[in-house]
Amino acid sequence: MPYDVPYVPSPEVVVRRMLQVSGVRPGEVVYDLGCGDGRIVIMAAKEFGARAVCVEIRNDLYEQTLRRIKELNLDNTVKVIHGNFFEVPIEDADVVTMYLLTSVNQMLRPKLERELRPGTRVVSHDFEVPGWKPILVEDVYEEWRSHKIYLFKIPGAEIPILSQTQVSVPSEYSDIVKLLDGRRSIEEIAQKTGLTMRRVREIISELEKLNVVKEVKVIK
C-alpha cells in the first residue's frame, strides 16, 4: 500500500506545545493519526495523564512504537493500531493530533466532521485543514527552523434535555443537574464546573440511565 505522507517526526518541543494548546487533561483520550514512532501518544500519557490511541500504517513504525509502549509500561494507557486511519473509528477522541499534509487533511476533513463530537479539539503540525478556520495559530521555534501549530475545534453543541418525570437525583450529581436548562451545552457545563467534557458526558449518561435526562440533542 502506498504511503500518502512521508515519515518526518515532530520535534519534542512541538509535540509538547501541540498537547498544551489543545488543553489535554488527565483522563481525556488523544488520537494520533499517523503516529510514526509514537512520541505524541507517549508524551500525552506520561506528561499529561491522558489515554491515547496511536494509528500507524507502516509495519516497521507500528512494531517500533509497540516495543516502546511495552518498554515504558504504557500498555494500559496507550493503544497502538496497525492500520489505515481513514478506516479507524475516532469518535471517542477528545483531542486528535496530526502531522500529515494539507492534501491529506482535506481528504480527512469529512471523516473528522462526521465522527468527532462537538467540542473535540484537532491540532495539526504545519498543515492546515482546508475550509476550517483555526481558533489558534502559533509559531514554535526549535534549533534550525520554525513550526506552525494549527488548533481547531469541532463546532456544534450537545445539549442535555431533562426528563419531565420527577426522579430523585443522587447528591453527587446535583450540581450538574442544576445546570441542565435545555439550553446549556455539555461544553458550557464543563467550563462552569471545571470538569472535562468527557467526565460531564459520563455523568449525563448516568443521569439518562436514572431517567433524569431524557436525551442529549446534538447540533452540528
# chains A, B, ... in the order shown; residues from 1 in each chain; ligands from 1
call {"tool": "closest_atom_pairs", "arguments": {"of": "stretch 97-146 of chain A", "to": "stretch 185-197 of chain A", "cutoff": "12 Å", "atoms": "only C-alpha atoms", "output": "CSV"}}
result
residue,atom,partner,partner_atom,distance
A:Arg117,CA,A:Met197,CA,10.4
A:Pro118,CA,A:Glu187,CA,8.3
A:Gly119,CA,A:Glu187,CA,6.6
A:Thr120,CA,A:Met197,CA,9.0
A:Arg121,CA,A:Met197,CA,11.3
call {"tool": "residues_around", "arguments": {"residues": "A:Arg17", "least_positions_apart": "5", "cutoff": "9 Å", "atoms": "only C-alpha atoms", "output": "list of chain:residue names"}}
result
A:Glu12, A:Ser22, A:Val140, A:Ile149
call {"tool": "select_by_dssp", "arguments": {"residues": "stretch 128-216 of chain A", "states": "strand (DSSP E)", "output": "JSON, numbers by chain"}}
result
{"A": [136, 137, 138, 139, 140, 141, 142, 145, 146, 147, 148, 149, 150, 151, 152, 153, 157, 158, 159, 160, 161, 162, 213, 214, 215, 216]}
call {"tool": "write_last_selection", "arguments": {"atoms": "N, CA and C atoms", "output": "mmCIF file, in the first residue's frame"}}
result
data_model
loop_
_atom_site.group_PDB
_atom_site.id
_atom_site.type_symbol
_atom_site.label_atom_id
_atom_site.label_comp_id
_atom_site.auth_asym_id
_atom_site.auth_seq_id
_atom_site.Cartn_x
_atom_site.Cartn_y
_atom_site.Cartn_z
ATOM 1 N N LEU A 136 -6.643 28.982 16.833
ATOM 2 C CA LEU A 136 -5.316 29.428 17.247
ATOM 3 C C LEU A 136 -4.291 28.986 16.205
ATOM 4 N N VAL A 137 -3.371 29.884 15.892
ATOM 5 C CA VAL A 137 -2.214 29.554 15.059
ATOM 6 C C VAL A 137 -0.992 30.045 15.809
ATOM 7 N N GLU A 138 -0.033 29.152 16.024
ATOM 8 C CA GLU A 138 1.126 29.531 16.831
ATOM 9 C C GLU A 138 2.412 29.057 16.161
ATOM 10 N N ASP A 139 3.435 29.885 16.230
ATOM 11 C CA ASP A 139 4.754 29.513 15.734
ATOM 12 C C ASP A 139 5.593 28.962 16.881
ATOM 13 N N VAL A 140 6.240 27.844 16.632
ATOM 14 C CA VAL A 140 7.131 27.238 17.610
ATOM 15 C C VAL A 140 8.514 27.144 16.979
ATOM 16 N N TYR A 141 9.514 27.636 17.674
ATOM 17 C CA TYR A 141 10.872 27.660 17.133
ATOM 18 C C TYR A 141 11.733 26.591 17.803
ATOM 19 N N GLU A 142 12.490 25.868 16.997
ATOM 20 C CA GLU A 142 13.444 24.896 17.532
ATOM 21 C C GLU A 142 14.639 24.812 16.592
ATOM 22 N N ARG A 145 14.638 25.618 12.520
ATOM 23 C CA ARG A 145 13.509 26.193 11.779
ATOM 24 C C ARG A 145 12.312 26.413 12.688
ATOM 25 N N SER A 146 11.321 27.125 12.179
ATOM 26 C CA SER A 146 10.090 27.343 12.935
ATOM 27 C C SER A 146 9.016 26.380 12.444
ATOM 28 N N HIS A 147 8.075 26.106 13.315
ATOM 29 C CA HIS A 147 6.963 25.202 13.013
ATOM 30 C C HIS A 147 5.665 25.931 13.324
ATOM 31 N N LYS A 148 4.622 25.598 12.593
ATOM 32 C CA LYS A 148 3.308 26.180 12.870
ATOM 33 C C LYS A 148 2.414 25.119 13.506
ATOM 34 N N ILE A 149 1.649 25.565 14.472
ATOM 35 C CA ILE A 149 0.645 24.707 15.085
ATOM 36 C C ILE A 149 -0.721 25.327 14.824
ATOM 37 N N TYR A 150 -1.620 24.524 14.269
ATOM 38 C CA TYR A 150 -2.990 24.961 13.999
ATOM 39 C C TYR A 150 -3.935 24.214 14.932
ATOM 40 N N LEU A 151 -4.717 24.964 15.690
ATOM 41 C CA LEU A 151 -5.697 24.355 16.588
ATOM 42 C C LEU A 151 -7.100 24.648 16.079
ATOM 43 N N PHE A 152 -7.889 23.596 15.957
ATOM 44 C CA PHE A 152 -9.277 23.703 15.508
ATOM 45 C C PHE A 152 -10.193 23.076 16.572
ATOM 46 N N LYS A 153 -11.453 23.429 16.524
ATOM 47 C CA LYS A 153 -12.440 22.803 17.400
ATOM 48 C C LYS A 153 -13.678 22.469 16.589
ATOM 49 N N ALA A 157 -22.998 21.616 19.281
ATOM 50 C CA ALA A 157 -23.301 21.530 20.712
ATOM 51 C C ALA A 157 -24.028 20.228 21.016
ATOM 52 N N GLU A 158 -23.777 19.718 22.220
ATOM 53 C CA GLU A 158 -24.533 18.585 22.765
ATOM 54 C C GLU A 158 -25.331 19.123 23.952
ATOM 55 N N ILE A 159 -26.642 19.128 23.816
ATOM 56 C CA ILE A 159 -27.484 19.756 24.841
ATOM 57 C C ILE A 159 -28.324 18.703 25.564
ATOM 58 N N PRO A 160 -28.058 18.478 26.851
ATOM 59 C CA PRO A 160 -28.861 17.518 27.617
ATOM 60 C C PRO A 160 -30.258 18.092 27.888
ATOM 61 N N ILE A 161 -31.274 17.240 27.707
ATOM 62 C CA ILE A 161 -32.666 17.636 27.944
ATOM 63 C C ILE A 161 -33.205 16.843 29.133
ATOM 64 N N LEU A 162 -33.680 17.581 30.150
ATOM 65 C CA LEU A 162 -34.212 16.927 31.337
ATOM 66 C C LEU A 162 -35.492 16.157 31.030
ATOM 67 N N VAL A 213 -32.263 12.575 32.778
ATOM 68 C CA VAL A 213 -32.070 13.190 31.461
ATOM 69 C C VAL A 213 -32.790 12.343 30.424
ATOM 70 N N LYS A 214 -33.603 12.998 29.619
ATOM 71 C CA LYS A 214 -34.385 12.284 28.596
ATOM 72 C C LYS A 214 -33.531 11.959 27.375
ATOM 73 N N GLU A 215 -32.730 12.941 26.929
ATOM 74 C CA GLU A 215 -31.919 12.751 25.722
ATOM 75 C C GLU A 215 -30.834 13.816 25.678
ATOM 76 N N VAL A 216 -29.893 13.628 24.789
ATOM 77 C CA VAL A 216 -28.896 14.643 24.502
ATOM 78 C C VAL A 216 -29.064 15.048 23.052
#
call {"tool": "atom_distance", "arguments": {"atom1": "atom CA of A:Arg109", "atom2": "atom CA of A:Phe86"}}
result
10.3 Å
call {"tool": "residues_around", "arguments": {"residues": "A:Asp94", "least_positions_apart": "3", "cutoff": "12 Å", "atoms": "only C-alpha atoms", "output": "PDB file with N, CA and C atoms, in the first residue's frame"}}
result
ATOM      1  N   LEU A  19       0.166  19.460  22.520  1.00  0.00           N
ATOM      2  CA  LEU A  19      -0.667  18.923  23.596  1.00  0.00           C
ATOM      3  C   LEU A  19      -1.086  20.017  24.573  1.00  0.00           C
ATOM      4  N   SER A  22      -3.851  22.324  22.886  1.00  0.00           N
ATOM      5  CA  SER A  22      -5.132  21.620  22.749  1.00  0.00           C
ATOM      6  C   SER A  22      -5.747  21.298  24.100  1.00  0.00           C
ATOM      7  N   GLY A  23      -5.052  21.660  25.173  1.00  0.00           N
ATOM      8  CA  GLY A  23      -5.634  21.554  26.511  1.00  0.00           C
ATOM      9  C   GLY A  23      -5.855  20.145  26.999  1.00  0.00           C
ATOM     10  N   VAL A  24      -4.961  19.228  26.658  1.00  0.00           N
ATOM     11  CA  VAL A  24      -5.123  17.840  27.092  1.00  0.00           C
ATOM     12  C   VAL A  24      -5.082  17.757  28.610  1.00  0.00           C
ATOM     13  N   ARG A  25      -6.070  17.050  29.176  1.00  0.00           N
ATOM     14  CA  ARG A  25      -6.172  16.903  30.634  1.00  0.00           C
ATOM     15  C   ARG A  25      -6.209  15.426  31.019  1.00  0.00           C
ATOM     16  N   PRO A  26      -5.851  15.121  32.266  1.00  0.00           N
ATOM     17  CA  PRO A  26      -5.879  13.717  32.711  1.00  0.00           C
ATOM     18  C   PRO A  26      -7.232  13.065  32.455  1.00  0.00           C
ATOM     19  N   GLY A  27      -7.184  11.832  31.955  1.00  0.00           N
ATOM     20  CA  GLY A  27      -8.410  11.090  31.688  1.00  0.00           C
ATOM     21  C   GLY A  27      -8.985  11.288  30.303  1.00  0.00           C
ATOM     22  N   GLU A  28      -8.513  12.309  29.581  1.00  0.00           N
ATOM     23  CA  GLU A  28      -9.003  12.508  28.224  1.00  0.00           C
ATOM     24  C   GLU A  28      -8.333  11.512  27.279  1.00  0.00           C
ATOM     25  N   VAL A  29      -8.887  11.410  26.081  1.00  0.00           N
ATOM     26  CA  VAL A  29      -8.382  10.449  25.096  1.00  0.00           C
ATOM     27  C   VAL A  29      -7.827  11.196  23.892  1.00  0.00           C
ATOM     28  N   VAL A  30      -6.562  10.938  23.592  1.00  0.00           N
ATOM     29  CA  VAL A  30      -5.873  11.566  22.463  1.00  0.00           C
ATOM     30  C   VAL A  30      -5.675  10.529  21.363  1.00  0.00           C
ATOM     31  N   TYR A  31      -6.084  10.871  20.146  1.00  0.00           N
ATOM     32  CA  TYR A  31      -5.830  10.032  18.972  1.00  0.00           C
ATOM     33  C   TYR A  31      -4.762  10.705  18.124  1.00  0.00           C
ATOM     34  N   ASP A  32      -3.724   9.971  17.767  1.00  0.00           N
ATOM     35  CA  ASP A  32      -2.712  10.477  16.850  1.00  0.00           C
ATOM     36  C   ASP A  32      -2.828   9.704  15.541  1.00  0.00           C
ATOM     37  N   ALA A  50      -3.116  11.456  29.967  1.00  0.00           N
ATOM     38  CA  ALA A  50      -4.186  11.074  29.046  1.00  0.00           C
ATOM     39  C   ALA A  50      -4.112   9.589  28.713  1.00  0.00           C
ATOM     40  N   ARG A  51      -5.196   9.074  28.185  1.00  0.00           N
ATOM     41  CA  ARG A  51      -5.176   7.802  27.480  1.00  0.00           C
ATOM     42  C   ARG A  51      -4.999   8.134  26.003  1.00  0.00           C
ATOM     43  N   ALA A  52      -4.422   7.236  25.248  1.00  0.00           N
ATOM     44  CA  ALA A  52      -4.101   7.598  23.867  1.00  0.00           C
ATOM     45  C   ALA A  52      -4.265   6.410  22.930  1.00  0.00           C
ATOM     46  N   VAL A  53      -4.575   6.737  21.681  1.00  0.00           N
ATOM     47  CA  VAL A  53      -4.694   5.743  20.618  1.00  0.00           C
ATOM     48  C   VAL A  53      -3.810   6.193  19.469  1.00  0.00           C
ATOM     49  N   ILE A  90     -12.931   7.078  15.139  1.00  0.00           N
ATOM     50  CA  ILE A  90     -12.253   8.049  16.006  1.00  0.00           C
ATOM     51  C   ILE A  90     -13.232   8.836  16.887  1.00  0.00           C
ATOM     52  N   GLU A  91     -14.484   8.377  16.961  1.00  0.00           N
ATOM     53  CA  GLU A  91     -15.495   9.173  17.665  1.00  0.00           C
ATOM     54  C   GLU A  91     -15.236   9.283  19.170  1.00  0.00           C
ATOM     55  N   THR A  97      -4.530  14.576  17.064  1.00  0.00           N
ATOM     56  CA  THR A  97      -3.299  15.226  16.616  1.00  0.00           C
ATOM     57  C   THR A  97      -2.905  14.678  15.247  1.00  0.00           C
ATOM     58  N   LEU A 112     -13.499  13.594   9.910  1.00  0.00           N
ATOM     59  CA  LEU A 112     -13.425  14.341  11.169  1.00  0.00           C
ATOM     60  C   LEU A 112     -14.767  14.987  11.490  1.00  0.00           C
ATOM     61  N   GLU A 115     -17.438  12.083  12.358  1.00  0.00           N
ATOM     62  CA  GLU A 115     -17.267  11.212  13.518  1.00  0.00           C
ATOM     63  C   GLU A 115     -17.002  11.942  14.839  1.00  0.00           C
ATOM     64  N   LEU A 116     -16.341  13.079  14.788  1.00  0.00           N
ATOM     65  CA  LEU A 116     -15.960  13.742  16.038  1.00  0.00           C
ATOM     66  C   LEU A 116     -17.127  14.498  16.657  1.00  0.00           C
ATOM     67  N   ARG A 117     -17.196  14.492  17.959  1.00  0.00           N
ATOM     68  CA  ARG A 117     -18.269  15.171  18.680  1.00  0.00           C
ATOM     69  C   ARG A 117     -17.985  16.666  18.775  1.00  0.00           C
ATOM     70  N   PRO A 118     -19.037  17.481  18.916  1.00  0.00           N
ATOM     71  CA  PRO A 118     -18.822  18.919  19.108  1.00  0.00           C
ATOM     72  C   PRO A 118     -17.880  19.183  20.276  1.00  0.00           C
ATOM     73  N   GLY A 119     -16.990  20.146  20.076  1.00  0.00           N
ATOM     74  CA  GLY A 119     -16.045  20.498  21.131  1.00  0.00           C
ATOM     75  C   GLY A 119     -14.731  19.741  21.082  1.00  0.00           C
ATOM     76  N   THR A 120     -14.660  18.694  20.250  1.00  0.00           N
ATOM     77  CA  THR A 120     -13.399  17.955  20.111  1.00  0.00           C
ATOM     78  C   THR A 120     -12.345  18.862  19.490  1.00  0.00           C
ATOM     79  N   ARG A 121     -11.132  18.827  20.042  1.00  0.00           N
ATOM     80  CA  ARG A 121     -10.052  19.657  19.523  1.00  0.00           C
ATOM     81  C   ARG A 121      -9.219  18.862  18.522  1.00  0.00           C
ATOM     82  N   VAL A 122      -8.839  19.529  17.447  1.00  0.00           N
ATOM     83  CA  VAL A 122      -7.981  18.931  16.422  1.00  0.00           C
ATOM     84  C   VAL A 122      -6.763  19.833  16.282  1.00  0.00           C
ATOM     85  N   VAL A 123      -5.578  19.272  16.464  1.00  0.00           N
ATOM     86  CA  VAL A 123      -4.361  20.076  16.382  1.00  0.00           C
ATOM     87  C   VAL A 123      -3.447  19.486  15.314  1.00  0.00           C
ATOM     88  N   LYS A 153     -11.453  23.429  16.524  1.00  0.00           N
ATOM     89  CA  LYS A 153     -12.440  22.803  17.400  1.00  0.00           C
ATOM     90  C   LYS A 153     -13.678  22.469  16.589  1.00  0.00           C
ATOM     91  N   ILE A 154     -14.182  21.252  16.763  1.00  0.00           N
ATOM     92  CA  ILE A 154     -15.379  20.820  16.036  1.00  0.00           C
ATOM     93  C   ILE A 154     -16.571  21.648  16.524  1.00  0.00           C
ATOM     94  N   GLU A 187     -20.344  21.296  26.715  1.00  0.00           N
ATOM     95  CA  GLU A 187     -19.118  22.089  26.778  1.00  0.00           C
ATOM     96  C   GLU A 187     -19.256  23.240  27.778  1.00  0.00           C
ATOM     97  N   THR A 196     -13.859  17.910  32.723  1.00  0.00           N
ATOM     98  CA  THR A 196     -13.659  17.714  31.291  1.00  0.00           C
ATOM     99  C   THR A 196     -15.005  17.394  30.645  1.00  0.00           C
ATOM    100  N   MET A 197     -15.100  17.631  29.345  1.00  0.00           N
ATOM    101  CA  MET A 197     -16.321  17.270  28.630  1.00  0.00           C
ATOM    102  C   MET A 197     -16.571  15.766  28.721  1.00  0.00           C
ATOM    103  N   ARG A 198     -15.496  15.001  28.705  1.00  0.00           N
ATOM    104  CA  ARG A 198     -15.638  13.546  28.824  1.00  0.00           C
ATOM    105  C   ARG A 198     -16.320  13.177  30.143  1.00  0.00           C
ATOM    106  N   ARG A 199     -15.895  13.804  31.233  1.00  0.00           N
ATOM    107  CA  ARG A 199     -16.498  13.489  32.533  1.00  0.00           C
ATOM    108  C   ARG A 199     -17.948  13.933  32.591  1.00  0.00           C
ATOM    109  N   ARG A 201     -19.975  14.112  30.067  1.00  0.00           N
ATOM    110  CA  ARG A 201     -20.727  13.134  29.265  1.00  0.00           C
ATOM    111  C   ARG A 201     -20.994  11.856  30.065  1.00  0.00           C
TER     112      ARG A 201
END
call {"tool": "closest_residue", "arguments": {"among": "A:Leu210, A:Tyr99, A:Gly182, A:Glu202", "to": "A:Val8", "atoms": "only C-alpha atoms"}}
result
A:Tyr99
call {"tool": "closest_residue", "arguments": {"among": "A:Phe127, A:Ser205, A:Asn211, A:Val104", "to": "A:Val167", "atoms": "only C-alpha atoms"}}
result
A:Asn211
call {"tool": "select_by_dssp", "arguments": {"residues": "stretch 45-113 of chain A", "states": "helix (DSSP H, G or I)", "output": "PyMOL selection string"}}
result
chain A and resi 45-48+59-71+85-87+102-113
call {"tool": "residues_around", "arguments": {"residues": "A:Cys35", "least_positions_apart": "6", "cutoff": "7 Å", "atoms": "only C-alpha atoms", "output": "list of chain:residue names"}}
result
A:Cys54, A:Val55, A:Glu56
call {"tool": "write_last_selection", "arguments": {"atoms": "N, CA, C and O atoms", "output": "JSON list (two decimals), in the first residue's frame"}}
result
[["chain", "number", "residue", "atom", "x", "y", "z"],
["A", 54, "CYS", "N", -2.97, 5.29, 19.02],
["A", 54, "CYS", "CA", -1.95, 5.59, 18.02],
["A", 54, "CYS", "C", -2.26, 4.76, 16.77],
["A", 54, "CYS", "O", -2.38, 3.53, 16.86],
["A", 55, "VAL", "N", -2.42, 5.40, 15.62],
["A", 55, "VAL", "CA", -2.74, 4.69, 14.38],
["A", 55, "VAL", "C", -1.59, 4.85, 13.39],
["A", 55, "VAL", "O", -1.23, 5.98, 13.03],
["A", 56, "GLU", "N", -1.01, 3.74, 12.96],
["A", 56, "GLU", "CA", 0.13, 3.78, 12.04],
["A", 56, "GLU", "C", 0.01, 2.68, 11.00],
["A", 56, "GLU", "O", -0.22, 1.52, 11.34]]
call {"tool": "atom_distance", "arguments": {"atom1": "atom CA of A:Val41", "atom2": "atom CA of A:Ala93"}}
result
12.5 Å
call {"tool": "closest_residue", "arguments": {"among": "A:Leu61, A:Met43, A:Ile176, A:Leu33", "to": "A:Leu108", "atoms": "only C-alpha atoms"}}
result
A:Leu33
call {"tool": "atom_distance", "arguments": {"atom1": "atom CA of A:Leu74", "atom2": "atom CA of A:Pro6"}}
result
26.3 Å
call {"tool": "closest_residue", "arguments": {"among": "A:Asn76, A:Lys178, A:Val212, A:Val5", "to": "A:Gln166", "atoms": "only C-alpha atoms"}}
result
A:Val212
call {"tool": "closest_residue", "arguments": {"among": "A:Lys46, A:Asp175, A:Leu100, A:Asp37", "to": "A:Asn73", "atoms": "only C-alpha atoms"}}
result
A:Lys46
call {"tool": "residues_around", "arguments": {"residues": "A:Ile57", "least_positions_apart": "2", "cutoff": "9 Å", "atoms": "only C-alpha atoms", "output": "PDB file with N, CA, C and O atoms, in the first residue's frame"}}
result
ATOM      1  N   MET A   1       0.853  -1.192   0.000  1.00  0.00           N
ATOM      2  CA  MET A   1       0.000   0.000   0.000  1.00  0.00           C
ATOM      3  C   MET A   1       0.890   1.244   0.000  1.00  0.00           C
ATOM      4  O   MET A   1       1.796   1.365   0.809  1.00  0.00           O
ATOM      5  N   TYR A   3       2.185   5.032   0.736  1.00  0.00           N
ATOM      6  CA  TYR A   3       2.007   5.932   1.871  1.00  0.00           C
ATOM      7  C   TYR A   3       1.818   7.352   1.363  1.00  0.00           C
ATOM      8  O   TYR A   3       2.593   7.844   0.562  1.00  0.00           O
ATOM      9  N   GLY A  34      -1.467   8.636  12.166  1.00  0.00           N
ATOM     10  CA  GLY A  34      -0.162   8.548  11.528  1.00  0.00           C
ATOM     11  C   GLY A  34       0.906   8.836  12.552  1.00  0.00           C
ATOM     12  O   GLY A  34       1.602   9.844  12.494  1.00  0.00           O
ATOM     13  N   CYS A  35       1.045   7.930  13.537  1.00  0.00           N
ATOM     14  CA  CYS A  35       1.782   8.282  14.758  1.00  0.00           C
ATOM     15  C   CYS A  35       3.280   8.043  14.685  1.00  0.00           C
ATOM     16  O   CYS A  35       3.988   8.360  15.639  1.00  0.00           O
ATOM     17  N   GLY A  36       3.791   7.491  13.585  1.00  0.00           N
ATOM     18  CA  GLY A  36       5.236   7.329  13.465  1.00  0.00           C
ATOM     19  C   GLY A  36       5.807   6.496  14.593  1.00  0.00           C
ATOM     20  O   GLY A  36       5.409   5.348  14.810  1.00  0.00           O
ATOM     21  N   VAL A  55      -2.420   5.404  15.615  1.00  0.00           N
ATOM     22  CA  VAL A  55      -2.743   4.690  14.377  1.00  0.00           C
ATOM     23  C   VAL A  55      -1.589   4.855  13.390  1.00  0.00           C
ATOM     24  O   VAL A  55      -1.231   5.976  13.028  1.00  0.00           O
ATOM     25  N   ASN A  59       4.330  -0.941   8.829  1.00  0.00           N
ATOM     26  CA  ASN A  59       4.567  -2.034   9.762  1.00  0.00           C
ATOM     27  C   ASN A  59       5.803  -1.808  10.628  1.00  0.00           C
ATOM     28  O   ASN A  59       5.786  -2.090  11.827  1.00  0.00           O
ATOM     29  N   ASP A  60       6.880  -1.283  10.031  1.00  0.00           N
ATOM     30  CA  ASP A  60       8.102  -1.087  10.817  1.00  0.00           C
ATOM     31  C   ASP A  60       7.893  -0.065  11.931  1.00  0.00           C
ATOM     32  O   ASP A  60       8.354  -0.251  13.065  1.00  0.00           O
ATOM     33  N   LEU A  61       7.178   1.023  11.626  1.00  0.00           N
ATOM     34  CA  LEU A  61       6.916   2.039  12.645  1.00  0.00           C
ATOM     35  C   LEU A  61       5.934   1.519  13.697  1.00  0.00           C
ATOM     36  O   LEU A  61       6.075   1.817  14.888  1.00  0.00           O
ATOM     37  N   TYR A  62       4.938   0.765  13.248  1.00  0.00           N
ATOM     38  CA  TYR A  62       3.991   0.149  14.187  1.00  0.00           C
ATOM     39  C   TYR A  62       4.733  -0.742  15.182  1.00  0.00           C
ATOM     40  O   TYR A  62       4.521  -0.645  16.398  1.00  0.00           O
ATOM     41  N   ILE A  81      -2.620   0.896  17.023  1.00  0.00           N
ATOM     42  CA  ILE A  81      -3.392   0.228  15.966  1.00  0.00           C
ATOM     43  C   ILE A  81      -2.574   0.225  14.682  1.00  0.00           C
ATOM     44  O   ILE A  81      -2.092   1.267  14.233  1.00  0.00           O
ATOM     45  N   HIS A  82      -2.411  -0.966  14.104  1.00  0.00           N
ATOM     46  CA  HIS A  82      -1.740  -1.091  12.812  1.00  0.00           C
ATOM     47  C   HIS A  82      -2.816  -1.038  11.723  1.00  0.00           C
ATOM     48  O   HIS A  82      -3.587  -1.977  11.551  1.00  0.00           O
ATOM     49  N   GLY A  83      -2.897   0.094  11.034  1.00  0.00           N
ATOM     50  CA  GLY A  83      -3.944   0.205  10.019  1.00  0.00           C
ATOM     51  C   GLY A  83      -3.998   1.575   9.381  1.00  0.00           C
ATOM     52  O   GLY A  83      -3.162   2.445   9.638  1.00  0.00           O
ATOM     53  N   ASN A  84      -4.987   1.742   8.537  1.00  0.00           N
ATOM     54  CA  ASN A  84      -5.214   2.977   7.791  1.00  0.00           C
ATOM     55  C   ASN A  84      -6.137   3.873   8.622  1.00  0.00           C
ATOM     56  O   ASN A  84      -7.259   3.483   8.938  1.00  0.00           O
ATOM     57  N   PHE A  85      -5.680   5.068   8.967  1.00  0.00           N
ATOM     58  CA  PHE A  85      -6.503   5.909   9.848  1.00  0.00           C
ATOM     59  C   PHE A  85      -7.815   6.343   9.204  1.00  0.00           C
ATOM     60  O   PHE A  85      -8.737   6.745   9.892  1.00  0.00           O
TER      61      PHE A  85
END
call {"tool": "residues_around", "arguments": {"residues": "A:Ile69", "least_positions_apart": "2", "cutoff": "9 Å", "atoms": "only C-alpha atoms", "output": "NGL selection string"}}
result
:A and (38 or 42 or 64-67 or 71-75 or 78-80)
